[in-house]
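Here is the structure we will look at.
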Amino acid sequence: MFSYFIRRLFFVVFVAWGVTFTTFFIANVVPIDPAIAALGDNAREEQIREFRERYGLDKPIWQQYLIYMGRLLSGDLGNSLRTGRAVLEDLKEFFPATLELSVAAFLVTLLLGVPAGILAALRQNKASDVTVRILALIGGATPVFFLAVLLQFVLARQLDLLPVQGRLDGFTFPPPRVTGIMGIDALLARDWPAFLDSLRHLVLPAFVLGMFSAAILARMTRATMLEVLSQDYIRTARAKGVPGRAVVFRHALKNAALPVLTLLGGLLGGLLSGAVLTETIFSWPGIGRYVTQSATSLDFPAVMGVTLLVGLVYALINLVVDLLYAFLDPRIRYA
Amino acid sequence: MRLIKAVGLIAALSLGGVLAQDRTQTLIYGGDWSDLITMDPQVSYEFSGGLVTDNLYETLVKYEGADLSTLKPGLAESWKVDRGRDTWDITFRLRRGSKFSSGNEVTAKDVVYTFERALAIKGPGSFLFTEIAQLKPGATKAVDNYTVVVSIPKTASPGSFLSILTFNIGGIVDSETVQKNAKGNDFGKEWLTNNSAGSGPFRLVRWDRGSQVLLEANPNARVKPKLQRVILREIKEPAVLRTALESGEIDIAEGLTPEALRALSNNPRFRTLKADSLRLNYLGMNVKEGSPFANKLVRDAVRYSINQDELVNGLVQGNGTKIQTLIPKGLLGYDPRTPYTFDPARARRLLAQAGYPNGLEFELLVSTGICGGGIPCADIAAKIQSDLAKGGFKANVKAIANAEVLRTYRAQNHQMVLVGWSPDFPDPDGNATPWADFNARSLAWRNVWNDPTAIRLANQAALETEPAKRVALYRLLTDYVLKNGPYAVLYQPSVPLGLSVKVEGYVRNAQGQVRFENISKQP
């Protein structure tokens, strides 16, 4: 088990390297000058030359890559061309907001997806099953931006129930920044109005972001549950007189959990990167918005920093999923 | 059940808490502030940066309201320009009793420190001091506590320098506070990125990057604001901006779409505004040897082919003003005349005269992005293309990324290009020199237009200190460039804004400055 863990960890490092290599070269293949993009039309020729020298943009691409990798190994992601700050500083600033949103969206995914899937499986072909399937179809097919604008229009503008943007109301003073996660910071400061306000602001974006994966999860849960429920041991359990609820939760669900778990890992990673659109629509100051802005201003170090971070989180999630696998199913052995 | 009750109770309490706050004391201003990267006045060179620092720092001289042609006293109660032997010597007399937010008095040493700081830091806007004003280290001297003399070479324009001082870079910092927070030789650059040390009506309380900026009334300020707090909310999506305004989450929305503006103008709860900008959208024609545009008749034919009225009223939907000369409305020397009328027959005649009886084919370079006034550049290009066709031209539109358009333009590799220009500082010279002086290596140079008359007029006007004479020179220059230059100016875009009717005293000048101290909110 330990050697397996080490091997997987090595794999994570390899993935990270692959991510930097690919993004670096893709970013630099774009035949556009980042100096002009950063400095704009009014920049003087000297300013542009100075900018290129300062960020090493005047060097051949392989040299730039070696410099980047050298810095990366010492934990330095370089400086953003747009903000001039260390990319690491920017990530520290923006990642907590994305994490908060993704985790909330993940909860939405779990709380909607799993029960809906189980319900549908237990009531196969009945009205509730059909409803779940239709909703899942709609949820999986509705683009994020459409759902977001629709909900903003109905819930915020027409009914005035929820805010449409930001993490806090303008009239609520933000709590002191500790973790960067608004809800937790408000709790730490025992600032109840800010805490509730931050929850209110979280509802719409989390729902919009979680909806798509909830739909996928519901369909997956339904399918695996149906498969498990048709197995011999379930029939045996029922024949033995085990109560229905126990059959579902103790026997069926545990065995259906494995494939669902794999999917969950992917979904959580997807939520992180899927936050790009949602964050823009809800003015959520996370890495999604940061990376779109960086990409449009050809800020390669920033784009690479975000890609590397998301790639690492993705790889780590997969690692955790694999380890959980072994834990949940003792039959899975790792040599 | 108990949990639900508890949550309900907390919710009610929190709601009460929120309502108890005086909303008339807080202004929430929404817009795309994503270009905000520093709060340091000597480093900040972005629009949003200027919007904030203008309210945190005072400058020696300033503009008031929407008028960008008359300088008004700021920290300096008076100033005069003297002709020295090799220099212009500008003497500023400081007002007594102006205080920084720290409580320190603003004195001449702070002015000297600020100007030396700007030269030492070499921020993105430092060329305004070093190149335009040709200011050297040591050229700013404190005569006494309240008198400062700045000497700039005779080759620089005192008028330009004074107007540069109204810009972020001229914001006077509290030398004592800044030095106390300096790290090594950084002149407090790192600290001032996230903090303020000015004498403006507001001070910076908090900046959550990508989300909001919190300003609070500066208790020591000479100019007392009507509001206690101003919050800048960063909202990039125009649709969200509109919804946030309508739901009362923000009081002012900057950068709405033409559709949203129309819808809001029919709603009695809101007021709409089209604030001027100093931007000009124009066509640039490369006149290098061998290019068809080297012939003045062809350039004239282009100017007679464009139906500017249709463009401004139809496509731009009124989010811009018709203009043909190179100094935008709002600046000294603005010339409202528009002698080039849509006359395709005349264009064809001119084209035939120039030796192109069967028309002329060329490439029109545009950005894939949005042009001033919120209109996709490609839409404007399509309109220009169809207008030009009536005048006998065949323009092949090539749409590429903006940075690439600019790169090609800078390399003089275009035939015709559709771009915009904003002056670096609110003085006619901010347009005249780049547009007319080939040696400035800016727009005239990019279009390979080396015209001695234009160069002479631009230099002469820049150095003229007598306002009336200056206006007369700019009249000559703008008229000359209009008829001979390599440009066809299309329109001056405006900035569409929506405001709650409760907001009073809001003015945005063409430079993008908003003085928050004049704004108040009705209950």
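Just so we're on the same page: first chain in the structure tokens is A, next is B, and so on; residues restart at 1 for each chain, and ligands are numbered from 1 in the order they show up.
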Proximity of chain B to chain A: per-residue shortest pair, 6 Å limit, only C-alpha atoms, as CSV:
```
residue,atom,partner,partner_atom,distance
B:Ser14,CA,A:Pro193,CA,4.6
B:Ile37,CA,A:Thr83,CA,5.4
B:Gly210,CA,A:Pro285,CA,5.0
B:Ser211,CA,A:Pro285,CA,5.5
B:Ile235,CA,A:Ser283,CA,5.4
B:Ser247,CA,A:Arg157,CA,5.7
B:Ala403,CA,A:Ala37,CA,5.0
B:Glu404,CA,A:Ile32,CA,5.6
```
Keeping only N, CA and C atoms, write the selected residues to a file as an mmCIF file, in the first residue's frame.
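Just written: out_32.cif:
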```cif
data_model
loop_
_atom_site.group_PDB
_atom_site.id
_atom_site.type_symbol
_atom_site.label_atom_id
_atom_site.label_comp_id
_atom_site.auth_asym_id
_atom_site.auth_seq_id
_atom_site.Cartn_x
_atom_site.Cartn_y
_atom_site.Cartn_z
ATOM 1 N N SER B 14 -29.861 39.878 11.821
ATOM 2 C CA SER B 14 -28.864 40.398 10.888
ATOM 3 C C SER B 14 -29.507 41.400 9.944
ATOM 4 N N ILE B 37 -4.516 47.685 -10.435
ATOM 5 C CA ILE B 37 -3.405 46.847 -9.990
ATOM 6 C C ILE B 37 -2.600 47.472 -8.863
ATOM 7 N N GLY B 210 -10.101 42.152 -7.073
ATOM 8 C CA GLY B 210 -11.090 41.483 -7.903
ATOM 9 C C GLY B 210 -12.491 41.602 -7.363
ATOM 10 N N SER B 211 -12.666 42.236 -6.216
ATOM 11 C CA SER B 211 -13.987 42.270 -5.629
ATOM 12 C C SER B 211 -14.420 43.697 -5.298
ATOM 13 N N ILE B 235 -17.640 44.618 -11.237
ATOM 14 C CA ILE B 235 -18.613 43.792 -11.967
ATOM 15 C C ILE B 235 -18.288 43.901 -13.447
ATOM 16 N N SER B 247 -31.607 45.902 -8.778
ATOM 17 C CA SER B 247 -31.989 45.303 -7.498
ATOM 18 C C SER B 247 -31.464 46.131 -6.323
ATOM 19 N N ALA B 403 -3.888 42.980 -29.715
ATOM 20 C CA ALA B 403 -2.446 43.140 -29.533
ATOM 21 C C ALA B 403 -1.725 42.952 -30.867
ATOM 22 N N GLU B 404 -2.279 42.066 -31.703
ATOM 23 C CA GLU B 404 -1.660 41.796 -32.997
ATOM 24 C C GLU B 404 -1.905 42.949 -33.974
#
```
Any chance you could list, as a list in words, the residues in segment 259-379 of chain B that come up strand (DSSP E or B) when DSSP is run on the backbone?
->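 So, restricting segment 259-379 of chain B to strand (DSSP E or B), we get Phe270, Arg271, Thr272, Leu273, Lys274, Ala275, Asp276, Leu280, Asn281, Tyr282, Leu283, Gly284, Met285, Gly320, Thr321, Lys322, Leu360, Glu361, Phe362, Glu363, Leu364, Leu365, Val366, Ser367, Ile370, Cys371, Ile375 and Pro376 of chain B.
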Take the residues from that selection and put them in a file with C-alpha atoms, as a CSV table (one decimal), in the first residue's frame.
```
chain,number,residue,atom,x,y,z
B,270,PHE,CA,-33.0,55.6,-12.6
B,271,ARG,CA,-31.2,58.3,-14.5
B,272,THR,CA,-28.9,57.6,-17.5
B,273,LEU,CA,-25.8,59.5,-18.5
B,274,LYS,CA,-23.5,59.4,-21.4
B,275,ALA,CA,-20.2,60.7,-20.1
B,276,ASP,CA,-17.6,62.0,-22.5
B,280,LEU,CA,-11.1,58.9,-30.6
B,281,ASN,CA,-11.9,56.0,-32.9
B,282,TYR,CA,-10.3,56.5,-36.3
B,283,LEU,CA,-9.0,55.0,-39.5
B,284,GLY,CA,-5.2,55.1,-40.0
B,285,MET,CA,-3.8,55.0,-43.5
B,320,GLY,CA,-20.5,58.7,-29.2
B,321,THR,CA,-20.1,62.1,-30.8
B,322,LYS,CA,-19.4,62.9,-34.4
B,360,LEU,CA,-9.0,50.5,-55.3
B,361,GLU,CA,-8.6,47.3,-53.3
B,362,PHE,CA,-6.8,47.1,-50.0
B,363,GLU,CA,-6.8,45.5,-46.6
B,364,LEU,CA,-8.5,47.0,-43.5
B,365,LEU,CA,-7.1,45.7,-40.2
B,366,VAL,CA,-9.4,45.5,-37.2
B,367,SER,CA,-9.4,44.0,-33.8
B,370,ILE,CA,-14.8,45.7,-28.7
B,371,CYS,CA,-14.2,49.2,-29.9
B,375,ILE,CA,-19.6,48.2,-30.2
B,376,PRO,CA,-17.7,45.2,-31.7
```
Do a neighbour search on segment 293-299 of chain B at 8 Å with only C-alpha atoms, toss out local chain neighbours closer than 4 positions, and write the hits as a list in words.
->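 Selected residues are Met285, Asn286, Val287, Lys288, Glu289, Arg303, Leu350, Leu351, Gln353, Ala354, Asn484, Pro486 and Tyr487 of chain B.
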Contact residues around Gly170 of chain B with only C-alpha atoms at 10 Å, ignoring same-chain residues under 5 positions, as a PyMOL selection string | chain B and resi 41-42+54+57-62+111+114-115+118+129+161-165
Residue subset to file, keeping C-alpha atoms, as an mmCIF file, in the first residue's frame:
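Output contents, as saved in result09.cif:
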```cif
data_model
loop_
_atom_site.group_PDB
_atom_site.id
_atom_site.type_symbol
_atom_site.label_atom_id
_atom_site.label_comp_id
_atom_site.auth_asym_id
_atom_site.auth_seq_id
_atom_site.Cartn_x
_atom_site.Cartn_y
_atom_site.Cartn_z
ATOM 1 C CA PRO B 41 -0.376 57.294 -7.390
ATOM 2 C CA GLN B 42 3.123 57.363 -8.834
ATOM 3 C CA ASP B 54 -7.932 60.973 -7.541
ATOM 4 C CA TYR B 57 -4.621 62.192 -3.150
ATOM 5 C CA GLU B 58 -4.726 65.859 -3.983
ATOM 6 C CA THR B 59 -2.731 67.386 -6.786
ATOM 7 C CA LEU B 60 -1.157 70.837 -6.980
ATOM 8 C CA VAL B 61 -3.576 71.906 -9.700
ATOM 9 C CA LYS B 62 -6.737 70.201 -10.877
ATOM 10 C CA VAL B 111 5.909 67.953 -3.143
ATOM 11 C CA THR B 114 6.615 63.115 -4.518
ATOM 12 C CA PHE B 115 8.215 64.357 -7.743
ATOM 13 C CA ALA B 118 7.972 59.530 -9.409
ATOM 14 C CA PHE B 129 7.513 63.344 -16.248
ATOM 15 C CA PHE B 161 3.359 69.621 -17.511
ATOM 16 C CA LEU B 162 0.618 71.424 -15.595
ATOM 17 C CA SER B 163 -2.048 69.147 -17.018
ATOM 18 C CA ILE B 164 0.087 66.071 -16.305
ATOM 19 C CA LEU B 165 0.045 67.192 -12.679
#
```
Set the distance at 9 Å and use only C-alpha atoms: which residues neighbour segment 257-265 of chain B once local chain neighbours fewer than 3 positions away are removed? I'd like the list as a short mmCIF file (atom, residue, chain, number, x, y, z; two decimals) with C-alpha atoms, in the first residue's frame.
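What follows is the written file around15.cif:
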```cif
data_model
loop_
_atom_site.label_atom_id
_atom_site.label_comp_id
_atom_site.auth_asym_id
_atom_site.auth_seq_id
_atom_site.Cartn_x
_atom_site.Cartn_y
_atom_site.Cartn_z
CA PRO B 238 -22.80 44.20 -18.39
CA ALA B 239 -25.93 42.08 -17.78
CA ARG B 242 -27.67 46.14 -14.92
CA GLU B 246 -32.00 47.41 -10.65
CA PRO B 268 -38.28 56.55 -13.23
CA ARG B 269 -36.05 55.00 -10.53
CA PHE B 270 -32.96 55.60 -12.63
CA ARG B 271 -31.17 58.28 -14.51
CA THR B 272 -28.91 57.62 -17.46
CA LEU B 273 -25.84 59.48 -18.51
CA VAL B 316 -23.03 53.46 -32.20
CA GLN B 317 -26.61 54.27 -31.11
CA GLY B 318 -25.69 57.70 -29.88
CA ASN B 319 -22.97 56.34 -27.57
CA GLY B 373 -18.79 52.82 -27.14
CA GLY B 374 -19.26 49.08 -26.52
CA ILE B 375 -19.56 48.19 -30.23
CA PRO B 496 -22.81 54.87 -20.72
CA LEU B 497 -23.84 55.07 -17.07
CA GLY B 498 -26.95 54.29 -15.08
#
```
Do you know which residues are at most 7 Å from Gly210 of chain A counting only C-alpha atoms, after dropping those on the same chain fewer than 3 positions away, and could you put them as a ChimeraX atom specification?
-> /A:105-106,108-109,206-207,213-214
Suppose we keep C-alpha atoms; can you now write the selection as an mmCIF file, in the first residue's frame?
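Contents of again_22.cif, as written:
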```cif
data_model
loop_
_atom_site.group_PDB
_atom_site.id
_atom_site.type_symbol
_atom_site.label_atom_id
_atom_site.label_comp_id
_atom_site.auth_asym_id
_atom_site.auth_seq_id
_atom_site.Cartn_x
_atom_site.Cartn_y
_atom_site.Cartn_z
ATOM 1 C CA ALA A 105 -21.176 23.482 -5.403
ATOM 2 C CA PHE A 106 -19.884 20.024 -4.514
ATOM 3 C CA VAL A 108 -25.101 20.870 -3.957
ATOM 4 C CA THR A 109 -23.970 18.082 -6.276
ATOM 5 C CA ALA A 206 -23.089 27.298 -5.947
ATOM 6 C CA PHE A 207 -26.405 26.025 -7.262
ATOM 7 C CA SER A 213 -22.571 17.730 -11.984
ATOM 8 C CA ALA A 214 -25.628 16.960 -9.843
#
```
Can you list, as a ChimeraX atom specification, all residues belonging to segment 382-467 of chain B that DSSP tags as alpha helix (DSSP H)?
-> /B:382-390,402-410,429-436,443-446,452-463,467
